[in-house]
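Undergrad: I am sharing protein_2.cif, which consists of mmCIF, N, CA and C atoms:
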```
data_entry
loop_
_atom_site.label_atom_id
_atom_site.label_comp_id
_atom_site.auth_asym_id
_atom_site.auth_seq_id
_atom_site.Cartn_x
_atom_site.Cartn_y
_atom_site.Cartn_z
N MET A 1 0.84 -1.18 0.00
CA MET A 1 0.00 0.00 0.00
C MET A 1 0.89 1.24 0.00
N ILE A 2 0.58 2.15 -0.89
CA ILE A 2 1.30 3.42 -0.97
C ILE A 2 0.64 4.38 0.02
N THR A 3 1.41 4.84 0.99
CA THR A 3 0.84 5.71 2.02
C THR A 3 1.24 7.17 1.89
N LYS A 4 2.30 7.45 1.12
CA LYS A 4 2.72 8.84 0.96
C LYS A 4 3.44 9.00 -0.37
N CYS A 5 3.18 10.13 -1.02
CA CYS A 5 3.82 10.41 -2.30
C CYS A 5 4.12 11.90 -2.36
N THR A 6 5.40 12.23 -2.44
CA THR A 6 5.83 13.61 -2.56
C THR A 6 6.89 13.68 -3.65
N PHE A 7 7.32 14.88 -4.02
CA PHE A 7 8.34 15.03 -5.04
C PHE A 7 9.60 14.28 -4.62
N GLY A 8 9.97 13.27 -5.41
CA GLY A 8 11.19 12.51 -5.16
C GLY A 8 11.11 11.42 -4.11
N ALA A 9 9.92 11.15 -3.58
CA ALA A 9 9.81 10.13 -2.53
C ALA A 9 8.43 9.48 -2.54
N MET A 10 8.42 8.20 -2.19
CA MET A 10 7.17 7.45 -2.07
C MET A 10 7.34 6.45 -0.93
N THR A 11 6.34 6.38 -0.06
CA THR A 11 6.35 5.41 1.03
C THR A 11 5.40 4.28 0.69
N ILE A 12 5.95 3.06 0.67
CA ILE A 12 5.18 1.86 0.35
C ILE A 12 5.41 0.87 1.47
N ASN A 13 4.31 0.40 2.08
CA ASN A 13 4.40 -0.56 3.18
C ASN A 13 5.43 -0.12 4.22
N ASN A 14 5.33 1.15 4.62
CA ASN A 14 6.17 1.76 5.65
C ASN A 14 7.64 1.86 5.29
N ARG A 15 7.97 1.72 4.02
CA ARG A 15 9.37 1.86 3.58
C ARG A 15 9.47 3.04 2.61
N LEU A 16 10.39 3.95 2.91
CA LEU A 16 10.59 5.13 2.09
C LEU A 16 11.48 4.80 0.90
N HIS A 17 11.03 5.19 -0.29
CA HIS A 17 11.79 5.00 -1.53
C HIS A 17 12.06 6.39 -2.10
N LYS A 18 13.31 6.61 -2.55
CA LYS A 18 13.69 7.93 -3.07
C LYS A 18 14.19 7.85 -4.50
N SER A 19 13.74 6.86 -5.24
CA SER A 19 14.08 6.77 -6.65
C SER A 19 12.91 6.15 -7.39
N ASP A 20 12.87 6.36 -8.70
CA ASP A 20 11.81 5.79 -9.51
C ASP A 20 11.72 4.29 -9.25
N LEU A 21 10.52 3.75 -9.36
CA LEU A 21 10.35 2.35 -8.95
C LEU A 21 9.26 1.65 -9.73
N LYS A 22 9.29 0.32 -9.61
CA LYS A 22 8.27 -0.55 -10.18
C LYS A 22 7.68 -1.37 -9.04
N ILE A 23 6.39 -1.64 -9.13
CA ILE A 23 5.72 -2.53 -8.18
C ILE A 23 5.12 -3.68 -8.97
N PHE A 24 5.51 -4.89 -8.62
CA PHE A 24 5.04 -6.09 -9.30
C PHE A 24 3.70 -6.53 -8.71
N PRO A 25 2.93 -7.32 -9.43
CA PRO A 25 1.62 -7.76 -8.92
C PRO A 25 1.68 -8.47 -7.57
N ASP A 26 2.81 -9.11 -7.26
CA ASP A 26 2.93 -9.78 -5.96
C ASP A 26 3.31 -8.81 -4.84
N GLY A 27 3.46 -7.53 -5.16
CA GLY A 27 3.77 -6.51 -4.16
C GLY A 27 5.25 -6.19 -4.04
N ARG A 28 6.09 -6.95 -4.70
CA ARG A 28 7.53 -6.69 -4.65
C ARG A 28 7.82 -5.33 -5.29
N VAL A 29 8.73 -4.58 -4.66
CA VAL A 29 9.10 -3.25 -5.14
C VAL A 29 10.54 -3.30 -5.63
N ASP A 30 10.77 -2.77 -6.82
CA ASP A 30 12.11 -2.65 -7.40
C ASP A 30 12.39 -1.17 -7.57
N ASP A 31 13.21 -0.61 -6.66
CA ASP A 31 13.51 0.81 -6.80
C ASP A 31 14.84 1.01 -7.51
N GLY A 32 15.13 2.22 -7.86
CA GLY A 32 16.30 2.51 -8.67
C GLY A 32 16.04 2.27 -10.15
N TRP A 33 14.78 2.25 -10.53
CA TRP A 33 14.38 1.99 -11.92
C TRP A 33 14.78 3.15 -12.81
N ARG A 34 15.35 2.83 -13.96
CA ARG A 34 15.75 3.83 -14.96
C ARG A 34 15.17 3.46 -16.31
N ARG A 35 14.94 4.48 -17.11
CA ARG A 35 14.46 4.28 -18.47
C ARG A 35 15.58 4.61 -19.45
N ALA A 36 15.61 3.92 -20.55
CA ALA A 36 16.66 4.13 -21.54
C ALA A 36 16.61 5.54 -22.12
N ALA A 37 15.40 6.09 -22.24
CA ALA A 37 15.24 7.40 -22.88
C ALA A 37 14.74 8.47 -21.90
N GLY A 38 15.12 8.38 -20.65
CA GLY A 38 14.77 9.41 -19.67
C GLY A 38 13.29 9.56 -19.43
N HIS A 39 12.69 10.58 -20.01
CA HIS A 39 11.28 10.88 -19.77
C HIS A 39 10.34 10.23 -20.78
N ARG A 40 10.80 9.22 -21.48
CA ARG A 40 9.94 8.46 -22.39
C ARG A 40 9.93 7.01 -21.95
N LEU A 41 8.75 6.46 -21.73
CA LEU A 41 8.59 5.07 -21.30
C LEU A 41 8.38 4.18 -22.50
N GLU A 42 9.24 3.19 -22.64
CA GLU A 42 9.16 2.21 -23.73
C GLU A 42 8.97 0.82 -23.13
N THR A 43 8.48 -0.09 -23.91
CA THR A 43 8.23 -1.47 -23.45
C THR A 43 9.48 -2.10 -22.86
N GLY A 44 10.63 -1.87 -23.48
CA GLY A 44 11.87 -2.45 -22.99
C GLY A 44 12.26 -2.00 -21.60
N ASP A 45 11.72 -0.89 -21.13
CA ASP A 45 12.03 -0.37 -19.81
C ASP A 45 11.38 -1.17 -18.69
N ILE A 46 10.35 -1.94 -19.04
CA ILE A 46 9.62 -2.67 -18.00
C ILE A 46 9.32 -4.11 -18.42
N CYS A 47 10.20 -4.71 -19.20
CA CYS A 47 9.98 -6.10 -19.66
C CYS A 47 9.70 -7.04 -18.50
N ASP A 48 10.49 -6.92 -17.43
CA ASP A 48 10.32 -7.81 -16.28
C ASP A 48 8.95 -7.64 -15.65
N LEU A 49 8.45 -6.43 -15.62
CA LEU A 49 7.12 -6.16 -15.07
C LEU A 49 6.04 -6.75 -15.96
N LEU A 50 6.19 -6.59 -17.26
CA LEU A 50 5.20 -7.11 -18.20
C LEU A 50 5.21 -8.64 -18.26
N ASP A 51 6.36 -9.25 -17.98
CA ASP A 51 6.44 -10.71 -17.96
C ASP A 51 5.54 -11.33 -16.90
N THR A 52 5.12 -10.54 -15.90
CA THR A 52 4.23 -11.06 -14.86
C THR A 52 2.77 -11.08 -15.31
N ARG A 53 2.51 -10.56 -16.53
CA ARG A 53 1.18 -10.57 -17.14
C ARG A 53 0.10 -9.92 -16.26
N PRO A 54 0.32 -8.67 -15.84
CA PRO A 54 -0.74 -8.00 -15.07
C PRO A 54 -1.94 -7.74 -15.96
N ASP A 55 -3.10 -7.60 -15.34
CA ASP A 55 -4.30 -7.21 -16.08
C ASP A 55 -4.28 -5.70 -16.34
N ILE A 56 -3.69 -4.97 -15.38
CA ILE A 56 -3.66 -3.51 -15.44
C ILE A 56 -2.25 -3.03 -15.11
N LEU A 57 -1.78 -2.05 -15.85
CA LEU A 57 -0.52 -1.38 -15.55
C LEU A 57 -0.82 0.07 -15.25
N VAL A 58 -0.45 0.51 -14.05
CA VAL A 58 -0.60 1.90 -13.65
C VAL A 58 0.76 2.56 -13.81
N VAL A 59 0.79 3.67 -14.53
CA VAL A 59 2.03 4.41 -14.76
C VAL A 59 1.91 5.79 -14.14
N GLY A 60 2.81 6.08 -13.21
CA GLY A 60 2.91 7.42 -12.63
C GLY A 60 3.88 8.22 -13.46
N THR A 61 3.39 9.24 -14.13
CA THR A 61 4.18 9.98 -15.12
C THR A 61 5.00 11.12 -14.52
N GLY A 62 5.09 11.18 -13.21
CA GLY A 62 5.84 12.23 -12.52
C GLY A 62 4.89 13.18 -11.80
N ILE A 63 5.44 13.90 -10.84
CA ILE A 63 4.62 14.84 -10.08
C ILE A 63 3.99 15.89 -11.01
N TYR A 64 4.74 16.30 -12.03
CA TYR A 64 4.24 17.29 -12.99
C TYR A 64 3.80 16.65 -14.30
N GLY A 65 3.89 15.31 -14.39
CA GLY A 65 3.40 14.60 -15.57
C GLY A 65 4.30 14.69 -16.79
N LEU A 66 5.60 14.81 -16.61
CA LEU A 66 6.50 14.99 -17.75
C LEU A 66 6.93 13.71 -18.46
N MET A 67 6.80 12.55 -17.81
CA MET A 67 7.16 11.30 -18.48
C MET A 67 6.02 10.91 -19.44
N ARG A 68 6.38 10.49 -20.63
CA ARG A 68 5.40 10.14 -21.65
C ARG A 68 5.51 8.67 -22.04
N THR A 69 4.41 8.11 -22.51
CA THR A 69 4.41 6.77 -23.07
C THR A 69 4.28 6.90 -24.58
N SER A 70 4.99 6.05 -25.30
CA SER A 70 4.94 6.12 -26.76
C SER A 70 3.71 5.37 -27.29
N GLY A 71 3.37 5.66 -28.53
CA GLY A 71 2.29 4.93 -29.18
C GLY A 71 2.59 3.46 -29.30
N ASP A 72 3.85 3.11 -29.56
CA ASP A 72 4.26 1.70 -29.63
C ASP A 72 4.06 1.02 -28.28
N PHE A 73 4.36 1.73 -27.21
CA PHE A 73 4.18 1.20 -25.85
C PHE A 73 2.71 0.87 -25.60
N LYS A 74 1.86 1.82 -25.91
CA LYS A 74 0.42 1.62 -25.72
C LYS A 74 -0.10 0.47 -26.56
N ALA A 75 0.37 0.37 -27.79
CA ALA A 75 -0.07 -0.70 -28.69
C ALA A 75 0.39 -2.07 -28.18
N ALA A 76 1.61 -2.15 -27.67
CA ALA A 76 2.13 -3.42 -27.14
C ALA A 76 1.31 -3.89 -25.94
N LEU A 77 0.94 -2.97 -25.08
CA LEU A 77 0.11 -3.34 -23.92
C LEU A 77 -1.26 -3.83 -24.39
N ALA A 78 -1.87 -3.09 -25.29
CA ALA A 78 -3.20 -3.48 -25.80
C ALA A 78 -3.14 -4.84 -26.47
N GLN A 79 -2.09 -5.08 -27.22
CA GLN A 79 -1.94 -6.37 -27.92
C GLN A 79 -1.84 -7.53 -26.93
N ASN A 80 -1.31 -7.26 -25.75
CA ASN A 80 -1.17 -8.29 -24.72
C ASN A 80 -2.31 -8.27 -23.71
N GLY A 81 -3.34 -7.49 -23.98
CA GLY A 81 -4.52 -7.47 -23.12
C GLY A 81 -4.28 -6.80 -21.78
N ILE A 82 -3.33 -5.87 -21.72
CA ILE A 82 -3.03 -5.17 -20.47
C ILE A 82 -3.61 -3.77 -20.57
N GLU A 83 -4.47 -3.44 -19.63
CA GLU A 83 -5.06 -2.10 -19.59
C GLU A 83 -4.03 -1.12 -19.05
N LEU A 84 -3.90 0.03 -19.68
CA LEU A 84 -2.97 1.06 -19.26
C LEU A 84 -3.72 2.21 -18.61
N ILE A 85 -3.26 2.58 -17.42
CA ILE A 85 -3.76 3.78 -16.75
C ILE A 85 -2.54 4.63 -16.46
N ALA A 86 -2.43 5.76 -17.13
CA ALA A 86 -1.30 6.67 -16.93
C ALA A 86 -1.82 8.00 -16.41
N ALA A 87 -1.18 8.49 -15.35
CA ALA A 87 -1.59 9.75 -14.73
C ALA A 87 -0.41 10.31 -13.95
N ARG A 88 -0.54 11.55 -13.54
CA ARG A 88 0.49 12.11 -12.66
C ARG A 88 0.65 11.20 -11.45
N THR A 89 1.84 11.18 -10.91
CA THR A 89 2.20 10.16 -9.92
C THR A 89 1.28 10.11 -8.70
N LYS A 90 0.90 11.25 -8.15
CA LYS A 90 0.02 11.22 -6.96
C LYS A 90 -1.32 10.57 -7.29
N SER A 91 -1.90 10.93 -8.40
CA SER A 91 -3.17 10.35 -8.82
C SER A 91 -3.00 8.87 -9.15
N ALA A 92 -1.91 8.53 -9.83
CA ALA A 92 -1.64 7.13 -10.17
C ALA A 92 -1.47 6.28 -8.91
N ALA A 93 -0.86 6.82 -7.88
CA ALA A 93 -0.68 6.09 -6.62
C ALA A 93 -2.04 5.78 -5.99
N GLN A 94 -2.94 6.75 -6.02
CA GLN A 94 -4.29 6.53 -5.48
C GLN A 94 -5.02 5.46 -6.29
N THR A 95 -4.88 5.51 -7.60
CA THR A 95 -5.51 4.52 -8.47
C THR A 95 -4.94 3.13 -8.18
N TYR A 96 -3.61 3.04 -8.06
CA TYR A 96 -2.98 1.76 -7.75
C TYR A 96 -3.55 1.19 -6.45
N ASN A 97 -3.61 1.99 -5.40
CA ASN A 97 -4.13 1.52 -4.11
C ASN A 97 -5.57 1.01 -4.25
N ARG A 98 -6.40 1.77 -4.96
CA ARG A 98 -7.80 1.37 -5.12
C ARG A 98 -7.92 0.03 -5.85
N LEU A 99 -7.16 -0.12 -6.94
CA LEU A 99 -7.21 -1.36 -7.71
C LEU A 99 -6.69 -2.54 -6.90
N LYS A 100 -5.62 -2.31 -6.14
CA LYS A 100 -5.05 -3.37 -5.30
C LYS A 100 -6.07 -3.80 -4.24
N GLU A 101 -6.74 -2.82 -3.63
CA GLU A 101 -7.77 -3.12 -2.63
C GLU A 101 -8.92 -3.92 -3.22
N GLN A 102 -9.20 -3.70 -4.51
CA GLN A 102 -10.27 -4.43 -5.19
C GLN A 102 -9.84 -5.84 -5.60
N GLY A 103 -8.57 -6.18 -5.37
CA GLY A 103 -8.09 -7.51 -5.71
C GLY A 103 -7.66 -7.68 -7.15
N GLN A 104 -7.45 -6.58 -7.85
CA GLN A 104 -7.03 -6.64 -9.25
C GLN A 104 -5.57 -7.11 -9.34
N LYS A 105 -5.22 -7.74 -10.45
CA LYS A 105 -3.84 -8.10 -10.72
C LYS A 105 -3.21 -6.88 -11.40
N VAL A 106 -2.63 -6.03 -10.58
CA VAL A 106 -2.14 -4.74 -11.05
C VAL A 106 -0.65 -4.62 -10.78
N ALA A 107 0.04 -4.02 -11.74
CA ALA A 107 1.45 -3.69 -11.61
C ALA A 107 1.55 -2.18 -11.80
N ALA A 108 2.69 -1.61 -11.41
CA ALA A 108 2.84 -0.17 -11.53
C ALA A 108 4.29 0.22 -11.71
N CYS A 109 4.48 1.37 -12.31
CA CYS A 109 5.81 1.99 -12.36
C CYS A 109 5.60 3.48 -12.13
N PHE A 110 6.50 4.06 -11.35
CA PHE A 110 6.32 5.45 -10.94
C PHE A 110 7.59 6.26 -11.16
N HIS A 111 7.44 7.38 -11.86
CA HIS A 111 8.48 8.40 -11.95
C HIS A 111 8.19 9.35 -10.79
N LEU A 112 9.15 9.54 -9.90
CA LEU A 112 8.86 10.28 -8.65
C LEU A 112 9.20 11.75 -8.69
N THR A 113 9.88 12.21 -9.73
CA THR A 113 10.20 13.63 -9.77
C THR A 113 9.36 14.31 -10.84
N CYS A 114 9.97 15.03 -11.72
CA CYS A 114 9.26 15.87 -12.68
C CYS A 114 8.27 15.08 -13.52
#
```
Go through the file and emit its structure as structure tokens.

TA:
Amino acid sequence: MITKCTFGAMTINNRLHKSDLKIFPDGRVDDGWRRAAGHRLETGDICDLLDTRPDILVVGTGIYGLMRTSGDFKAALAQNGIELIAARTKSAAQTYNRLKEQGQKVAACFHLTC
């Protein structure tokens, strides 16, 4: 459960994270996540997350929403039957919590700064 989200930091299950991160459907958190193209999210940036075959992927695009997903990224998710929900990180964190509480098989990746 994400309990706090501020610029550059996110608290998940009482643990503070200060770098971009991924959350797998089983709840495992992988922090220190980097993208090959900085503020552009591509499928190759989250292959390990997609290998878990979530039903829904929540993407936190940054506090100010500067990270973008490409059309190819969106098409690859759709082709694999994965619903994409992308929003600014605070809103995406709330969405992730709600879906998790509903028992959905949800994965997430969050850009914590811009």

Undergrad: What separation in Å, quoted to one decimal, exists between CA of Met67 in chain A and CA of Leu16 in chain A?

TA: 21.7 Å

Undergrad: Apply the PyMOL selection byres ((chain A and resi 90) around 7) to the structure shown and report the selected residues as a ChimeraX atom specification.

TA: /A:5,60-63,87-89,91-95

Undergrad: Just give me the gap between CA of Trp33 in chain A and CA of Gly103 in chain A in Å, one decimal is fine.

TA: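 CA of Gly103 in chain A lies 25.2 Å from CA of Trp33 in chain A.
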
Undergrad: Once DSSP has gone over the backbone, tell me which residues of chain A are in strand (DSSP E), as a ChimeraX atom specification.

TA: /A:2-6,9-12,15-17,21-23,29-31,40-41,56-60,68-69,83-87,106-110

Undergrad: Distance atom N of Leu84 in chain A-CA of Thr11 in chain A, one decimal place?

TA: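 Separation of atom N of Leu84 in chain A and CA of Thr11 in chain A: 23.7 Å.
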
Undergrad: Between A:Ala107, A:Ala76, A:Pro25, A:Gly32, single out the one closest to Ala9 in chain A, counting only C-alpha atoms.

TA: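 Smallest distance to Ala9 in chain A is found for A:Gly32.
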